[in-house]
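Comments concern the structure below.
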Amino acid sequence: MGDVLQETGTDNSDPTKYAVVLSPSCDIQPGRCKVENVLVAKCSDCRDYVVRGVGVENEKKARKRLPITLNDAHASGFALLPSLPGRIPPIAVNLRDLTLVPPSDIGQQGDAEKRYSRVVSVDSPFREQLAWAYLQMAGRPGLPDRDHTATVDELVESLKSKDG
């Protein structure tokens, strides 16, 4: 969970060439992998976080709204990872654009034989924020269809005194 993968042989300044592992770390330990595929979220430019996530396109509104949204785990399904100069650009992790990657396609940095290279591992508190953001997106319960009018009538009826 939280490893940042880069497509092997791509420009490290292009955020669309990155993906972030969402599978639990304990399930994908080298030599003891418990899954056939690793769940990853594709990444995009941080502009997607601002425009599609926060919903602003001009600088004035962005300066007003961004400080507030940065405290949230995600903005409309986009989690933000800060840049690590020389390693990764600022990245918008799209928690709605998921894919499966076989563990055999993931290698260490410099392993040209693998489709992806593990370039960094996200540390706390960003790892916890990413886990919480994914849980909020994927773990939300489905609500049953119900007759709202009938339910409201039943609830209002429960407020009436049994005595009078």
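For the structure tokens, the naming scheme is as follows: chains receive sequential letters (A, B, ...) according to their order of presentation, residues are indexed from 1 within each chain, and ligands are indexed from 1 in presentation order.
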* Residues within 12 Å of Asp27 in chain A, only C-alpha atoms, excluding chain neighbours under 3 positions, as a ChimeraX atom specification -> /A:1,21-24,30-39,103
Could you turn the residues from that selection into a file that holds all heavy atoms, as a short mmCIF file (atom, residue, chain, number, x, y, z; two decimals), in the first residue's frame?
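Contents of selection-v6.cif, as written:
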```cif
data_model
loop_
_atom_site.label_atom_id
_atom_site.label_comp_id
_atom_site.auth_asym_id
_atom_site.auth_seq_id
_atom_site.Cartn_x
_atom_site.Cartn_y
_atom_site.Cartn_z
N MET A 1 0.86 -1.18 0.00
CA MET A 1 0.00 0.00 0.00
C MET A 1 0.89 1.23 0.00
O MET A 1 1.76 1.38 0.85
CB MET A 1 -0.91 -0.02 1.22
CG MET A 1 -1.63 1.26 1.51
SD MET A 1 -2.67 1.82 0.18
CE MET A 1 -4.23 1.91 0.93
N VAL A 21 0.07 1.84 -5.58
CA VAL A 21 -0.42 0.55 -5.12
C VAL A 21 -1.45 0.77 -4.01
O VAL A 21 -1.20 1.50 -3.05
CB VAL A 21 0.74 -0.33 -4.60
CG1 VAL A 21 0.22 -1.61 -3.97
CG2 VAL A 21 1.71 -0.63 -5.73
N LEU A 22 -2.60 0.09 -4.14
CA LEU A 22 -3.64 0.15 -3.12
C LEU A 22 -3.79 -1.17 -2.38
O LEU A 22 -4.43 -1.22 -1.33
CB LEU A 22 -4.98 0.54 -3.76
CG LEU A 22 -5.02 1.91 -4.40
CD1 LEU A 22 -6.37 2.13 -5.09
CD2 LEU A 22 -4.75 3.01 -3.39
N SER A 23 -3.23 -2.25 -2.92
CA SER A 23 -3.29 -3.53 -2.22
C SER A 23 -2.51 -3.44 -0.92
O SER A 23 -1.47 -2.78 -0.86
CB SER A 23 -2.69 -4.65 -3.08
OG SER A 23 -3.48 -4.88 -4.23
N PRO A 24 -3.00 -4.13 0.12
CA PRO A 24 -2.27 -4.10 1.40
C PRO A 24 -0.85 -4.64 1.25
O PRO A 24 -0.62 -5.64 0.58
CB PRO A 24 -3.10 -5.00 2.31
CG PRO A 24 -4.46 -5.03 1.69
CD PRO A 24 -4.24 -4.88 0.21
N PRO A 30 7.51 -9.44 -1.45
CA PRO A 30 8.28 -10.26 -2.40
C PRO A 30 8.59 -11.63 -1.81
O PRO A 30 8.98 -11.76 -0.65
CB PRO A 30 9.56 -9.45 -2.61
CG PRO A 30 9.18 -8.03 -2.28
CD PRO A 30 8.15 -8.16 -1.19
N GLY A 31 8.33 -12.64 -2.62
CA GLY A 31 8.59 -14.01 -2.18
C GLY A 31 7.44 -14.63 -1.39
O GLY A 31 7.39 -15.84 -1.22
N ARG A 32 6.51 -13.81 -0.92
CA ARG A 32 5.36 -14.32 -0.16
C ARG A 32 4.07 -13.65 -0.62
O ARG A 32 3.18 -13.38 0.16
CB ARG A 32 5.55 -14.08 1.33
CG ARG A 32 6.77 -14.79 1.90
CD ARG A 32 6.84 -14.63 3.37
NE ARG A 32 7.04 -13.22 3.73
CZ ARG A 32 7.17 -12.77 4.95
NH1 ARG A 32 7.12 -13.60 5.96
NH2 ARG A 32 7.36 -11.49 5.18
N CYS A 33 3.97 -13.38 -1.89
CA CYS A 33 2.82 -12.67 -2.44
C CYS A 33 1.57 -13.53 -2.32
O CYS A 33 1.57 -14.70 -2.67
CB CYS A 33 3.08 -12.30 -3.90
SG CYS A 33 1.89 -11.13 -4.54
N LYS A 34 0.50 -12.94 -1.81
CA LYS A 34 -0.75 -13.66 -1.57
C LYS A 34 -1.83 -13.34 -2.60
O LYS A 34 -2.94 -13.85 -2.49
CB LYS A 34 -1.28 -13.30 -0.17
CG LYS A 34 -0.36 -13.65 0.95
CD LYS A 34 -0.92 -13.17 2.28
CE LYS A 34 0.07 -13.38 3.40
NZ LYS A 34 -0.40 -12.80 4.65
N VAL A 35 -1.51 -12.51 -3.57
CA VAL A 35 -2.51 -12.12 -4.57
C VAL A 35 -1.99 -12.39 -5.98
O VAL A 35 -0.79 -12.36 -6.22
CB VAL A 35 -2.90 -10.62 -4.43
CG1 VAL A 35 -3.59 -10.36 -3.11
CG2 VAL A 35 -1.69 -9.71 -4.58
N GLU A 36 -2.93 -12.64 -6.89
CA GLU A 36 -2.55 -12.83 -8.30
C GLU A 36 -2.29 -11.51 -8.99
O GLU A 36 -1.51 -11.44 -9.93
CB GLU A 36 -3.65 -13.58 -9.03
CG GLU A 36 -3.75 -15.03 -8.66
CD GLU A 36 -4.79 -15.76 -9.50
OE1 GLU A 36 -4.94 -15.43 -10.70
OE2 GLU A 36 -5.43 -16.65 -8.95
N ASN A 37 -2.99 -10.46 -8.54
CA ASN A 37 -2.84 -9.14 -9.13
C ASN A 37 -2.81 -8.09 -8.03
O ASN A 37 -3.46 -8.25 -7.00
CB ASN A 37 -4.01 -8.83 -10.08
CG ASN A 37 -3.95 -9.67 -11.33
OD1 ASN A 37 -3.02 -9.55 -12.11
ND2 ASN A 37 -4.94 -10.52 -11.51
N VAL A 38 -2.08 -7.03 -8.28
CA VAL A 38 -1.97 -5.91 -7.36
C VAL A 38 -2.92 -4.81 -7.84
O VAL A 38 -2.92 -4.47 -9.03
CB VAL A 38 -0.51 -5.38 -7.34
CG1 VAL A 38 -0.38 -4.15 -6.47
CG2 VAL A 38 0.44 -6.48 -6.87
N LEU A 39 -3.72 -4.30 -6.93
CA LEU A 39 -4.63 -3.22 -7.26
C LEU A 39 -3.87 -1.91 -7.23
O LEU A 39 -3.22 -1.58 -6.23
CB LEU A 39 -5.79 -3.17 -6.27
CG LEU A 39 -6.84 -2.08 -6.50
CD1 LEU A 39 -7.57 -2.33 -7.83
CD2 LEU A 39 -7.82 -2.04 -5.35
N PRO A 103 2.00 -9.06 -9.99
CA PRO A 103 3.22 -8.73 -9.23
C PRO A 103 4.50 -8.97 -10.03
O PRO A 103 5.50 -8.28 -9.83
CB PRO A 103 3.16 -9.67 -8.02
CG PRO A 103 1.74 -10.10 -7.92
CD PRO A 103 1.16 -10.02 -9.30
#
```
* So which residues of range 35-135 of chain A fall under strand (DSSP E or B) by DSSP, listed as a ChimeraX atom specification? -> /A:38-45,75,78-81,84,88,91-101,106-108,116-121
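Every residue of range 24-85 of chain A found in helix (DSSP H, G or I) when DSSP is run on the backbone appears here: Ser25, Cys26, Asp27, Cys46, Arg47, Asp48, Tyr49, Val50, Val51, Arg52, Gly53, Val54, Glu59, Lys60, Lys61, Ala62, Arg63, Lys64, Arg65, Leu66, Pro67, Ile68 and Thr69 of chain A.
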* **Selection: 8 Å around Val54 in chain A, only C-alpha atoms, excl. self and same-chain fewer than 2 positions, as a list in words** => Tyr49, Val50, Val51, Arg52, Val56, Arg65, Leu66, Thr69, Ala75 and Ser76 of chain A
* Might you pull out every residue within 10 Å of Tyr134 in chain A, with only C-alpha atoms counted and same-chain residues fewer than 2 positions away left off, and present them as a PyMOL selection string? => chain A and resi 22+41+73-74+77-79+93-96+128-132+136-140
* Asked: Pick the closest to Cys26 in chain A from A:Ser117, A:Gly2, A:Leu98, A:Leu159: which is it, counting only C-alpha atoms?
  ->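 Answer, going by the shortest atom-to-atom distance: A:Gly2.
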* To do: Would you mind reading off the distance between CA of Gln108 in chain A and CA of Ser83 in chain A, one decimal, in Å?
  => 19.6 Å
* Kindly give the distance, in Å, that separates CA of Ser13 in chain A and CA of Pro89 in chain A, rounded to a single decimal. => 5.6 Å
Test item: residues at most 7 Å from range 3-10 of chain A, only C-alpha atoms, excluding those fewer than 2 positions along its chain, as a PDB file with N, CA, C and O atoms, in the first residue's frame:
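Below is the file result_39.pdb, written as the result:
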```pdb
ATOM      1  N   MET A   1       0.856  -1.182   0.000  1.00  0.00           N
ATOM      2  CA  MET A   1       0.000   0.000   0.000  1.00  0.00           C
ATOM      3  C   MET A   1       0.888   1.227   0.000  1.00  0.00           C
ATOM      4  O   MET A   1       1.758   1.375   0.850  1.00  0.00           O
ATOM      5  N   ASN A  12      10.315  10.838 -15.919  1.00  0.00           N
ATOM      6  CA  ASN A  12       9.851  10.947 -14.534  1.00  0.00           C
ATOM      7  C   ASN A  12       9.122  12.245 -14.228  1.00  0.00           C
ATOM      8  O   ASN A  12       8.643  12.435 -13.125  1.00  0.00           O
ATOM      9  N   LYS A  17       2.412   8.614 -16.086  1.00  0.00           N
ATOM     10  CA  LYS A  17       3.193   7.377 -16.189  1.00  0.00           C
ATOM     11  C   LYS A  17       3.381   6.703 -14.827  1.00  0.00           C
ATOM     12  O   LYS A  17       4.166   5.763 -14.693  1.00  0.00           O
ATOM     13  N   TYR A  18       2.641   7.180 -13.833  1.00  0.00           N
ATOM     14  CA  TYR A  18       2.739   6.642 -12.478  1.00  0.00           C
ATOM     15  C   TYR A  18       1.436   5.970 -12.069  1.00  0.00           C
ATOM     16  O   TYR A  18       0.356   6.267 -12.595  1.00  0.00           O
ATOM     17  N   ALA A  19       1.551   5.074 -11.115  1.00  0.00           N
ATOM     18  CA  ALA A  19       0.405   4.433 -10.484  1.00  0.00           C
ATOM     19  C   ALA A  19       0.769   4.231  -9.021  1.00  0.00           C
ATOM     20  O   ALA A  19       1.952   4.162  -8.666  1.00  0.00           O
ATOM     21  N   VAL A  20      -0.235   4.150  -8.168  1.00  0.00           N
ATOM     22  CA  VAL A  20      -0.004   3.960  -6.737  1.00  0.00           C
ATOM     23  C   VAL A  20      -0.676   2.668  -6.297  1.00  0.00           C
ATOM     24  O   VAL A  20      -1.848   2.419  -6.602  1.00  0.00           O
ATOM     25  N   VAL A  21       0.071   1.843  -5.582  1.00  0.00           N
ATOM     26  CA  VAL A  21      -0.423   0.549  -5.116  1.00  0.00           C
ATOM     27  C   VAL A  21      -1.449   0.767  -4.009  1.00  0.00           C
ATOM     28  O   VAL A  21      -1.199   1.496  -3.047  1.00  0.00           O
ATOM     29  N   ALA A 112      14.885  -2.951 -16.111  1.00  0.00           N
ATOM     30  CA  ALA A 112      14.309  -2.691 -17.429  1.00  0.00           C
ATOM     31  C   ALA A 112      13.451  -3.834 -17.934  1.00  0.00           C
ATOM     32  O   ALA A 112      12.710  -3.673 -18.901  1.00  0.00           O
ATOM     33  N   LYS A 114      10.976  -5.245 -16.333  1.00  0.00           N
ATOM     34  CA  LYS A 114       9.627  -5.194 -15.755  1.00  0.00           C
ATOM     35  C   LYS A 114       8.836  -4.035 -16.352  1.00  0.00           C
ATOM     36  O   LYS A 114       9.395  -3.022 -16.749  1.00  0.00           O
ATOM     37  N   ARG A 115       7.519  -4.176 -16.381  1.00  0.00           N
ATOM     38  CA  ARG A 115       6.645  -3.124 -16.903  1.00  0.00           C
ATOM     39  C   ARG A 115       6.666  -1.888 -16.016  1.00  0.00           C
ATOM     40  O   ARG A 115       6.624  -0.757 -16.490  1.00  0.00           O
ATOM     41  N   TYR A 116       6.700  -2.088 -14.698  1.00  0.00           N
ATOM     42  CA  TYR A 116       6.717  -0.991 -13.732  1.00  0.00           C
ATOM     43  C   TYR A 116       7.932  -1.112 -12.823  1.00  0.00           C
ATOM     44  O   TYR A 116       8.374  -2.208 -12.503  1.00  0.00           O
ATOM     45  N   SER A 117       8.417   0.050 -12.393  1.00  0.00           N
ATOM     46  CA  SER A 117       9.475   0.114 -11.387  1.00  0.00           C
ATOM     47  C   SER A 117       8.917   0.769 -10.138  1.00  0.00           C
ATOM     48  O   SER A 117       8.188   1.759 -10.221  1.00  0.00           O
ATOM     49  N   ARG A 118       9.257   0.239  -8.991  1.00  0.00           N
ATOM     50  CA  ARG A 118       8.865   0.838  -7.719  1.00  0.00           C
ATOM     51  C   ARG A 118       9.860   1.960  -7.454  1.00  0.00           C
ATOM     52  O   ARG A 118      11.050   1.726  -7.279  1.00  0.00           O
ATOM     53  N   VAL A 119       9.370   3.232  -7.474  1.00  0.00           N
ATOM     54  CA  VAL A 119      10.291   4.353  -7.364  1.00  0.00           C
ATOM     55  C   VAL A 119      10.351   4.945  -5.966  1.00  0.00           C
ATOM     56  O   VAL A 119      11.393   5.438  -5.551  1.00  0.00           O
ATOM     57  N   VAL A 120       9.257   4.967  -5.260  1.00  0.00           N
ATOM     58  CA  VAL A 120       9.246   5.428  -3.873  1.00  0.00           C
ATOM     59  C   VAL A 120       8.144   4.694  -3.126  1.00  0.00           C
ATOM     60  O   VAL A 120       7.224   4.142  -3.710  1.00  0.00           O
ATOM     61  N   SER A 121       8.274   4.701  -1.828  1.00  0.00           N
ATOM     62  CA  SER A 121       7.226   4.162  -0.972  1.00  0.00           C
ATOM     63  C   SER A 121       6.704   5.306  -0.123  1.00  0.00           C
ATOM     64  O   SER A 121       7.476   5.983   0.554  1.00  0.00           O
ATOM     65  N   VAL A 122       5.405   5.543  -0.211  1.00  0.00           N
ATOM     66  CA  VAL A 122       4.783   6.639   0.525  1.00  0.00           C
ATOM     67  C   VAL A 122       4.818   6.315   2.009  1.00  0.00           C
ATOM     68  O   VAL A 122       4.491   5.214   2.424  1.00  0.00           O
TER      69      VAL A 122
END
```
* Please, what distance in Å, to one decimal, runs between CA of Asn58 in chain A and CA of Phe126 in chain A? -> 26.8 Å
